[in-house]
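Remarks on the structure that follows.
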Amino acid sequence: MRIVRDRRQVTALCREWRRRDSQKLAFVPTMGNLHEGHLALVRHARERGDRVLASIFVNPLQFDRPDDLAGYPRTLEADTKRLAEAGVDALFCPEAGEMYPDGAASRARVVISGLSEVLEGESRPGHFDGVATVVAKLFNLVQPDVAVFGEKDYQQLLVIRAMVEALNFPVVVDAIPTVREEDGLALSSRNGRLSDAARRRAPELHRCLRDTAEACLLEPDQWPRIFTELVMAAEQRLRAAGLRPDYISIRRAEDLGPPQAGDRDLILLAAAWLDDVRLIDNLRLQYGRFAGAR
């Protein structure tokens, strides 16, 4: 596996791949501290491209708290080994100065208004501006045919797809279902910061979402009237389990708008604090069935 740190070199490498027999390039952008969820993205990318490029970059623009940025796990040596074993052709791992030559407070930012300002965006102002900006920069450098993301970060997925459409990026954005532990906890790089006691409580977030989703599907003809009561009950349940809900919300899956009568494709999203670790999760709700594996 080739390791590239210079943005000009990664552009030249990807250009060479495209010239060579018109090879199709699949791209997996990450912030490192890799787990099985990231490797699932890589496996999907291997199916979608002749060449696979992964990136590791802890993007300062998307952190709303300096302590969160400073405490984000950095495990480049172990990550490099895992990516090589997974069959990645090249890894792009630039320093912050390489991605932001003018400093982190770059003069140009990508803003996807509306979609970036609710739920995660409301709790973490500016977060999705940072996400959209760095992904746009990476897409410009790499120019992939396909980029692969996970559904665990569902709002991020929608922001990136909206950016691709608005700015006419010639890239297909693929998504794979959330990868979970056996007890249901969604895999996340932040899970490693949980204490043993907190880790035992953490799956309650997923269990609570599953039960709330199942309750919604018992009365689909009452959508969305029953949602407020069910969300309030879910918040109370999480507090009783020792979690601090940031938000629990049922939205339209297409655009995260408030559900209206007649909407049939919805998503239940939640964020909650457990000690000093923030967990997020979601489950898809489709009229007549429950996409419970997601």
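Scheme for the structure tokens: letters A, B, ... for chains in order shown; per-chain residue numbers from 1; ligand numbers from 1 in order shown.
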
In range 28-108 of chain A, DSSP alpha helix (DSSP H) residues written as number ranges by chain | A: 36-48, 66-71, 76-85, 96-99

Resulting file, chosen residues, N, CA and C atoms, as a CSV table (one decimal), in the first residue's frame:
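Heads up, here's the output in result_10.csv:
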chain,number,residue,atom,x,y,z
A,36,GLU,N,-14.2,-2.0,12.7
A,36,GLU,CA,-14.8,-2.9,11.7
A,36,GLU,C,-15.7,-2.1,10.8
A,37,GLY,N,-16.4,-1.1,11.3
A,37,GLY,CA,-17.2,-0.3,10.4
A,37,GLY,C,-16.5,0.3,9.3
A,38,HIS,N,-15.3,0.9,9.5
A,38,HIS,CA,-14.5,1.4,8.5
A,38,HIS,C,-14.0,0.4,7.5
A,39,LEU,N,-13.7,-0.8,8.0
A,39,LEU,CA,-13.3,-1.9,7.1
A,39,LEU,C,-14.4,-2.4,6.2
A,40,ALA,N,-15.6,-2.3,6.7
A,40,ALA,CA,-16.8,-2.6,5.9
A,40,ALA,C,-16.9,-1.6,4.7
A,41,LEU,N,-16.6,-0.4,5.0
A,41,LEU,CA,-16.6,0.6,3.9
A,41,LEU,C,-15.5,0.3,2.9
A,42,VAL,N,-14.4,-0.2,3.3
A,42,VAL,CA,-13.3,-0.6,2.4
A,42,VAL,C,-13.7,-1.8,1.6
A,43,ARG,N,-14.3,-2.7,2.2
A,43,ARG,CA,-14.8,-3.9,1.5
A,43,ARG,C,-15.8,-3.6,0.4
A,44,HIS,N,-16.7,-2.6,0.7
A,44,HIS,CA,-17.6,-2.2,-0.3
A,44,HIS,C,-16.9,-1.4,-1.4
A,45,ALA,N,-15.9,-0.6,-1.0
A,45,ALA,CA,-15.2,0.1,-2.1
A,45,ALA,C,-14.4,-0.8,-3.0
A,46,ARG,N,-13.9,-1.9,-2.4
A,46,ARG,CA,-13.2,-2.9,-3.3
A,46,ARG,C,-14.1,-3.5,-4.3
A,47,GLU,N,-15.4,-3.6,-4.0
A,47,GLU,CA,-16.4,-4.2,-4.9
A,47,GLU,C,-16.8,-3.1,-6.0
A,48,ARG,N,-16.6,-1.9,-5.7
A,48,ARG,CA,-17.1,-0.8,-6.6
A,48,ARG,C,-16.0,-0.2,-7.4
A,66,PRO,N,-12.5,22.5,21.3
A,66,PRO,CA,-11.0,22.2,21.2
A,66,PRO,C,-10.6,21.0,22.0
A,67,ASP,N,-11.2,20.7,23.1
A,67,ASP,CA,-10.9,19.5,23.9
A,67,ASP,C,-11.3,18.2,23.1
A,68,ASP,N,-12.3,18.3,22.4
A,68,ASP,CA,-12.7,17.1,21.6
A,68,ASP,C,-11.7,16.8,20.5
A,69,LEU,N,-11.3,17.9,19.8
A,69,LEU,CA,-10.3,17.8,18.8
A,69,LEU,C,-9.0,17.2,19.4
A,70,ALA,N,-8.5,17.8,20.5
A,70,ALA,CA,-7.3,17.3,21.1
A,70,ALA,C,-7.4,15.9,21.6
A,71,GLY,N,-8.6,15.5,22.0
A,71,GLY,CA,-8.7,14.1,22.6
A,71,GLY,C,-9.1,13.1,21.6
A,76,LEU,N,-2.4,6.1,13.8
A,76,LEU,CA,-2.0,6.0,12.4
A,76,LEU,C,-1.3,4.7,12.1
A,77,GLU,N,-0.4,4.3,13.0
A,77,GLU,CA,0.4,3.1,12.7
A,77,GLU,C,-0.5,1.9,12.6
A,78,ALA,N,-1.4,1.7,13.6
A,78,ALA,CA,-2.3,0.6,13.5
A,78,ALA,C,-3.3,0.7,12.4
A,79,ASP,N,-3.8,1.9,12.1
A,79,ASP,CA,-4.7,2.1,11.0
A,79,ASP,C,-4.1,1.8,9.7
A,80,THR,N,-2.8,2.1,9.5
A,80,THR,CA,-2.1,1.9,8.2
A,80,THR,C,-2.0,0.4,8.0
A,81,LYS,N,-1.7,-0.4,9.1
A,81,LYS,CA,-1.6,-1.8,8.9
A,81,LYS,C,-2.9,-2.4,8.6
A,82,ARG,N,-4.0,-2.0,9.2
A,82,ARG,CA,-5.3,-2.5,8.9
A,82,ARG,C,-5.8,-2.3,7.5
A,83,LEU,N,-5.5,-1.1,7.0
A,83,LEU,CA,-5.9,-0.7,5.6
A,83,LEU,C,-5.1,-1.5,4.6
A,84,ALA,N,-3.8,-1.7,4.9
A,84,ALA,CA,-3.0,-2.5,4.0
A,84,ALA,C,-3.5,-4.0,3.9
A,85,GLU,N,-3.8,-4.5,5.1
A,85,GLU,CA,-4.4,-5.9,5.1
A,85,GLU,C,-5.7,-6.0,4.4
A,96,ALA,N,-2.5,18.9,8.8
A,96,ALA,CA,-3.5,20.0,8.7
A,96,ALA,C,-3.0,21.1,7.8
A,97,GLY,N,-1.7,21.4,7.9
A,97,GLY,CA,-1.2,22.5,7.0
A,97,GLY,C,-1.2,22.1,5.5
A,98,GLU,N,-1.2,20.9,5.2
A,98,GLU,CA,-1.3,20.4,3.8
A,98,GLU,C,-2.7,20.7,3.3
A,99,MET,N,-3.7,20.4,4.1
A,99,MET,CA,-5.1,20.6,3.7
A,99,MET,C,-5.6,22.0,3.8

List every residue of range 77-266 of chain A that DSSP, applied to the backbone of this structure, assigns to strand (DSSP E), and report them as a ChimeraX atom specification.
-> /A:90-92,146-150,172-176,244-252,265-266

For the residues in the current selection, export N, CA and C atoms as a short mmCIF file (atom, residue, chain, number, x, y, z; two decimals), in the first residue's frame.
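Output below, filename out.cif:
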data_model
loop_
_atom_site.label_atom_id
_atom_site.label_comp_id
_atom_site.auth_asym_id
_atom_site.auth_seq_id
_atom_site.Cartn_x
_atom_site.Cartn_y
_atom_site.Cartn_z
N ALA A 90 -3.83 2.73 -1.74
CA ALA A 90 -3.05 3.89 -1.29
C ALA A 90 -3.79 4.58 -0.16
N LEU A 91 -3.00 5.18 0.73
CA LEU A 91 -3.52 5.94 1.86
C LEU A 91 -3.03 7.37 1.76
N PHE A 92 -3.96 8.31 1.81
CA PHE A 92 -3.64 9.74 1.85
C PHE A 92 -3.81 10.20 3.29
N VAL A 146 -16.47 6.82 -7.14
CA VAL A 146 -17.38 6.43 -6.07
C VAL A 146 -16.75 6.80 -4.73
N ALA A 147 -17.54 7.33 -3.81
CA ALA A 147 -17.11 7.57 -2.44
C ALA A 147 -18.06 6.82 -1.51
N VAL A 148 -17.51 6.21 -0.46
CA VAL A 148 -18.30 5.33 0.39
C VAL A 148 -18.36 5.89 1.81
N PHE A 149 -19.59 5.97 2.33
CA PHE A 149 -19.84 6.47 3.68
C PHE A 149 -20.77 5.51 4.41
N GLY A 150 -20.87 5.67 5.73
CA GLY A 150 -21.74 4.82 6.54
C GLY A 150 -23.03 5.52 6.91
N VAL A 172 -20.37 9.28 -7.40
CA VAL A 172 -21.49 8.54 -6.83
C VAL A 172 -21.21 8.34 -5.35
N VAL A 173 -22.15 8.71 -4.50
CA VAL A 173 -22.00 8.54 -3.06
C VAL A 173 -22.75 7.29 -2.62
N ASP A 174 -22.01 6.26 -2.26
CA ASP A 174 -22.60 5.02 -1.78
C ASP A 174 -22.65 5.05 -0.25
N ALA A 175 -23.61 4.32 0.30
CA ALA A 175 -23.73 4.21 1.75
C ALA A 175 -23.94 2.75 2.13
N ILE A 176 -23.36 2.35 3.26
CA ILE A 176 -23.58 1.00 3.76
C ILE A 176 -24.25 1.09 5.14
N ARG A 244 -27.70 11.09 28.96
CA ARG A 244 -28.25 12.44 28.88
C ARG A 244 -28.62 12.72 27.42
N PRO A 245 -29.89 12.64 27.08
CA PRO A 245 -30.27 12.85 25.68
C PRO A 245 -29.95 14.27 25.21
N ASP A 246 -29.35 14.36 24.04
CA ASP A 246 -29.17 15.63 23.37
C ASP A 246 -30.40 15.89 22.52
N TYR A 247 -30.75 14.93 21.72
CA TYR A 247 -32.01 14.99 20.97
C TYR A 247 -32.45 13.58 20.59
N ILE A 248 -33.75 13.41 20.47
CA ILE A 248 -34.36 12.25 19.83
C ILE A 248 -35.42 12.83 18.91
N SER A 249 -35.40 12.43 17.64
CA SER A 249 -36.30 13.06 16.69
C SER A 249 -36.66 12.09 15.58
N ILE A 250 -37.89 12.20 15.11
CA ILE A 250 -38.34 11.44 13.95
C ILE A 250 -38.51 12.42 12.80
N ARG A 251 -37.81 12.16 11.71
CA ARG A 251 -37.79 13.08 10.57
C ARG A 251 -38.04 12.32 9.26
N ARG A 252 -38.31 13.08 8.22
CA ARG A 252 -38.36 12.49 6.89
C ARG A 252 -36.97 12.00 6.51
N ASP A 265 -41.67 7.33 4.62
CA ASP A 265 -40.27 6.94 4.75
C ASP A 265 -39.61 7.89 5.74
N LEU A 266 -39.44 7.43 6.97
CA LEU A 266 -38.97 8.27 8.06
C LEU A 266 -37.71 7.69 8.68
#

Compile the contact shell of range 180-185 of chain A as a PyMOL selection string: residues with an atom at most 12 Å away, counting only C-alpha atoms, same-chain residues fewer than 6 positions apart removed.
-> chain A and resi 35-38+40+150-152+191+198-210+279-283+292-294

Neighbour list for range 211-227 of chain A as a list in words, cut-off 7 Å, only C-alpha atoms, skip fewer than 6 positions in-chain =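 Contacts, in chain order: Ala234, Pro259, Gln260, Ala261, Leu285 and Tyr287 of chain A.
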
How about saving the chosen residues, N, CA and C atoms kept, as a short mmCIF file (atom, residue, chain, number, x, y, z; two decimals), in the first residue's frame?
data_model
loop_
_atom_site.label_atom_id
_atom_site.label_comp_id
_atom_site.auth_asym_id
_atom_site.auth_seq_id
_atom_site.Cartn_x
_atom_site.Cartn_y
_atom_site.Cartn_z
N ALA A 234 -39.09 8.05 25.25
CA ALA A 234 -37.73 7.58 24.98
C ALA A 234 -36.71 8.41 25.73
N PRO A 259 -41.94 15.37 9.85
CA PRO A 259 -42.89 14.50 9.15
C PRO A 259 -44.27 15.11 9.08
N GLN A 260 -44.91 14.88 7.96
CA GLN A 260 -46.27 15.34 7.74
C GLN A 260 -47.19 14.14 7.50
N ALA A 261 -48.48 14.35 7.63
CA ALA A 261 -49.43 13.28 7.33
C ALA A 261 -49.20 12.80 5.90
N LEU A 285 -37.48 4.07 9.54
CA LEU A 285 -38.88 3.69 9.71
C LEU A 285 -39.58 3.81 8.36
N TYR A 287 -43.13 2.80 6.27
CA TYR A 287 -44.53 2.42 6.49
C TYR A 287 -44.73 0.95 6.16
#

Using CA of Val110 in chain A and CA of Val131 in chain A as the two end points, give the distance in Å to one decimal.
-> 8.5 Å

Polymer residues at most 12 Å from Ala166 in chain A, only C-alpha atoms, same-chain spacing of 6 or more positions, as JSON, numbers by chain = {"A": [110, 111, 112, 113, 132, 136, 159, 160]}

Emit the selected residues as a short mmCIF file (atom, residue, chain, number, x, y, z; two decimals), in the first residue's frame, including N, CA and C atoms.
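Final output, saved to result_11.cif:
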data_model
loop_
_atom_site.label_atom_id
_atom_site.label_comp_id
_atom_site.auth_asym_id
_atom_site.auth_seq_id
_atom_site.Cartn_x
_atom_site.Cartn_y
_atom_site.Cartn_z
N VAL A 110 -17.66 25.49 2.52
CA VAL A 110 -18.85 24.99 1.85
C VAL A 110 -19.97 24.90 2.88
N VAL A 111 -21.07 25.55 2.61
CA VAL A 111 -22.20 25.58 3.54
C VAL A 111 -23.43 25.03 2.84
N ILE A 112 -23.98 23.96 3.40
CA ILE A 112 -25.23 23.39 2.89
C ILE A 112 -26.33 23.86 3.84
N SER A 113 -26.94 24.96 3.50
CA SER A 113 -27.88 25.61 4.42
C SER A 113 -29.11 24.74 4.62
N ALA A 132 -18.47 19.44 5.09
CA ALA A 132 -18.67 19.68 3.66
C ALA A 132 -17.41 20.29 3.03
N ALA A 136 -15.33 18.33 0.18
CA ALA A 136 -15.20 18.99 -1.13
C ALA A 136 -13.73 19.09 -1.54
N VAL A 159 -25.90 15.50 3.95
CA VAL A 159 -25.19 16.75 3.67
C VAL A 159 -24.23 16.55 2.50
N ILE A 160 -23.51 15.46 2.50
CA ILE A 160 -22.55 15.20 1.43
C ILE A 160 -23.27 14.97 0.11
#

In Å to one decimal, how far is CA of Pro258 in chain A from CA of Asn168 in chain A?
->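 For CA of Asn168 in chain A relative to CA of Pro258 in chain A, the distance reads 27.1 Å.
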
Any idea what's packed within 10 Å of range 14-18 of chain A, counting only C-alpha atoms, ignoring anything in its chain fewer than 2 positions away? Could you give it as a list in words?
->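 The residues satisfying every condition are Gln9, Val10, Thr11, Ala12, Arg20, Asp21, Ser22, Gln23, Lys24, Leu25, Asp50, Arg51, Val52, Leu53, Ala90, Leu141, Val142, Gln143, Pro144 and Asp145 of chain A.
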
Could the residues in this selection be written to a file with N, CA and C atoms, as a PDB file, in the first residue's frame?
ATOM      1  N   GLN A   9       0.769  15.089  -4.855  1.00  0.00           N
ATOM      2  CA  GLN A   9       1.121  13.711  -5.167  1.00  0.00           C
ATOM      3  C   GLN A   9      -0.107  12.815  -5.235  1.00  0.00           C
ATOM      4  N   VAL A  10      -1.082  13.036  -4.333  1.00  0.00           N
ATOM      5  CA  VAL A  10      -2.268  12.187  -4.378  1.00  0.00           C
ATOM      6  C   VAL A  10      -3.083  12.471  -5.634  1.00  0.00           C
ATOM      7  N   THR A  11      -3.121  13.730  -6.061  1.00  0.00           N
ATOM      8  CA  THR A  11      -3.813  14.060  -7.305  1.00  0.00           C
ATOM      9  C   THR A  11      -3.134  13.394  -8.499  1.00  0.00           C
ATOM     10  N   ALA A  12      -1.803  13.428  -8.519  1.00  0.00           N
ATOM     11  CA  ALA A  12      -1.066  12.801  -9.619  1.00  0.00           C
ATOM     12  C   ALA A  12      -1.262  11.298  -9.630  1.00  0.00           C
ATOM     13  N   ARG A  20      -4.685   4.752 -16.663  1.00  0.00           N
ATOM     14  CA  ARG A  20      -4.295   3.371 -16.893  1.00  0.00           C
ATOM     15  C   ARG A  20      -5.541   2.505 -17.075  1.00  0.00           C
ATOM     16  N   ASP A  21      -5.859   2.235 -18.294  1.00  0.00           N
ATOM     17  CA  ASP A  21      -7.014   1.379 -18.623  1.00  0.00           C
ATOM     18  C   ASP A  21      -8.318   1.912 -18.039  1.00  0.00           C
ATOM     19  N   SER A  22      -8.413   3.225 -17.861  1.00  0.00           N
ATOM     20  CA  SER A  22      -9.632   3.854 -17.338  1.00  0.00           C
ATOM     21  C   SER A  22     -10.076   3.206 -16.035  1.00  0.00           C
ATOM     22  N   GLN A  23      -9.125   3.005 -15.137  1.00  0.00           N
ATOM     23  CA  GLN A  23      -9.452   2.330 -13.885  1.00  0.00           C
ATOM     24  C   GLN A  23     -10.409   3.167 -13.032  1.00  0.00           C
ATOM     25  N   LYS A  24     -11.399   2.492 -12.470  1.00  0.00           N
ATOM     26  CA  LYS A  24     -12.413   3.141 -11.645  1.00  0.00           C
ATOM     27  C   LYS A  24     -11.896   3.275 -10.219  1.00  0.00           C
ATOM     28  N   LEU A  25     -12.022   4.472  -9.656  1.00  0.00           N
ATOM     29  CA  LEU A  25     -11.458   4.767  -8.342  1.00  0.00           C
ATOM     30  C   LEU A  25     -12.559   4.890  -7.294  1.00  0.00           C
ATOM     31  N   ASP A  50     -11.764  -0.390  -9.250  1.00  0.00           N
ATOM     32  CA  ASP A  50     -10.536  -1.123  -9.585  1.00  0.00           C
ATOM     33  C   ASP A  50      -9.410  -0.761  -8.631  1.00  0.00           C
ATOM     34  N   ARG A  51      -9.427   0.468  -8.162  1.00  0.00           N
ATOM     35  CA  ARG A  51      -8.462   0.950  -7.183  1.00  0.00           C
ATOM     36  C   ARG A  51      -9.213   1.545  -5.999  1.00  0.00           C
ATOM     37  N   VAL A  52      -8.641   1.378  -4.803  1.00  0.00           N
ATOM     38  CA  VAL A  52      -9.242   1.939  -3.590  1.00  0.00           C
ATOM     39  C   VAL A  52      -8.233   2.856  -2.908  1.00  0.00           C
ATOM     40  N   LEU A  53      -8.671   4.072  -2.693  1.00  0.00           N
ATOM     41  CA  LEU A  53      -7.886   5.043  -1.931  1.00  0.00           C
ATOM     42  C   LEU A  53      -8.635   5.348  -0.638  1.00  0.00           C
ATOM     43  N   ALA A  90      -3.833   2.732  -1.743  1.00  0.00           N
ATOM     44  CA  ALA A  90      -3.052   3.886  -1.290  1.00  0.00           C
ATOM     45  C   ALA A  90      -3.787   4.579  -0.158  1.00  0.00           C
ATOM     46  N   LEU A 141      -9.258  16.899  -4.922  1.00  0.00           N
ATOM     47  CA  LEU A 141      -7.918  16.338  -5.030  1.00  0.00           C
ATOM     48  C   LEU A 141      -7.934  14.940  -5.647  1.00  0.00           C
ATOM     49  N   VAL A 142      -8.888  14.118  -5.221  1.00  0.00           N
ATOM     50  CA  VAL A 142      -8.909  12.704  -5.598  1.00  0.00           C
ATOM     51  C   VAL A 142      -9.714  12.455  -6.869  1.00  0.00           C
ATOM     52  N   GLN A 143     -10.813  13.198  -7.035  1.00  0.00           N
ATOM     53  CA  GLN A 143     -11.734  13.023  -8.158  1.00  0.00           C
ATOM     54  C   GLN A 143     -12.161  11.561  -8.300  1.00  0.00           C
ATOM     55  N   PRO A 144     -12.765  10.995  -7.249  1.00  0.00           N
ATOM     56  CA  PRO A 144     -13.148   9.580  -7.284  1.00  0.00           C
ATOM     57  C   PRO A 144     -14.382   9.360  -8.154  1.00  0.00           C
ATOM     58  N   ASP A 145     -14.542   8.135  -8.596  1.00  0.00           N
ATOM     59  CA  ASP A 145     -15.783   7.748  -9.269  1.00  0.00           C
ATOM     60  C   ASP A 145     -16.870   7.445  -8.245  1.00  0.00           C
TER      61      ASP A 145
END

Long-range neighbours of Pro29 in chain A as a list in words, 7 Å cut-off, only C-alpha atoms, 2 positions minimum in chain =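 So the residues in contact are Phe27, Ala54, Ser55 and Ile56 of chain A.
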
Closest to Arg239 in chain A among A:Arg193, A:Phe128, A:Ala272, A:Ala253, using only C-alpha atoms?
->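 Closest to Arg239 in chain A of all the choices is A:Ala272.
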
How far is it from CA of Gln286 in chain A to CA of Asp255 in chain A, in Å with one decimal?
->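 So the answer is 14.6 Å.
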
Among the residues A:Leu61, A:Asp153, A:Val28, A:Tyr72, the one that comes closest to Leu187 in chain A [using only C-alpha atoms] | A:Asp153
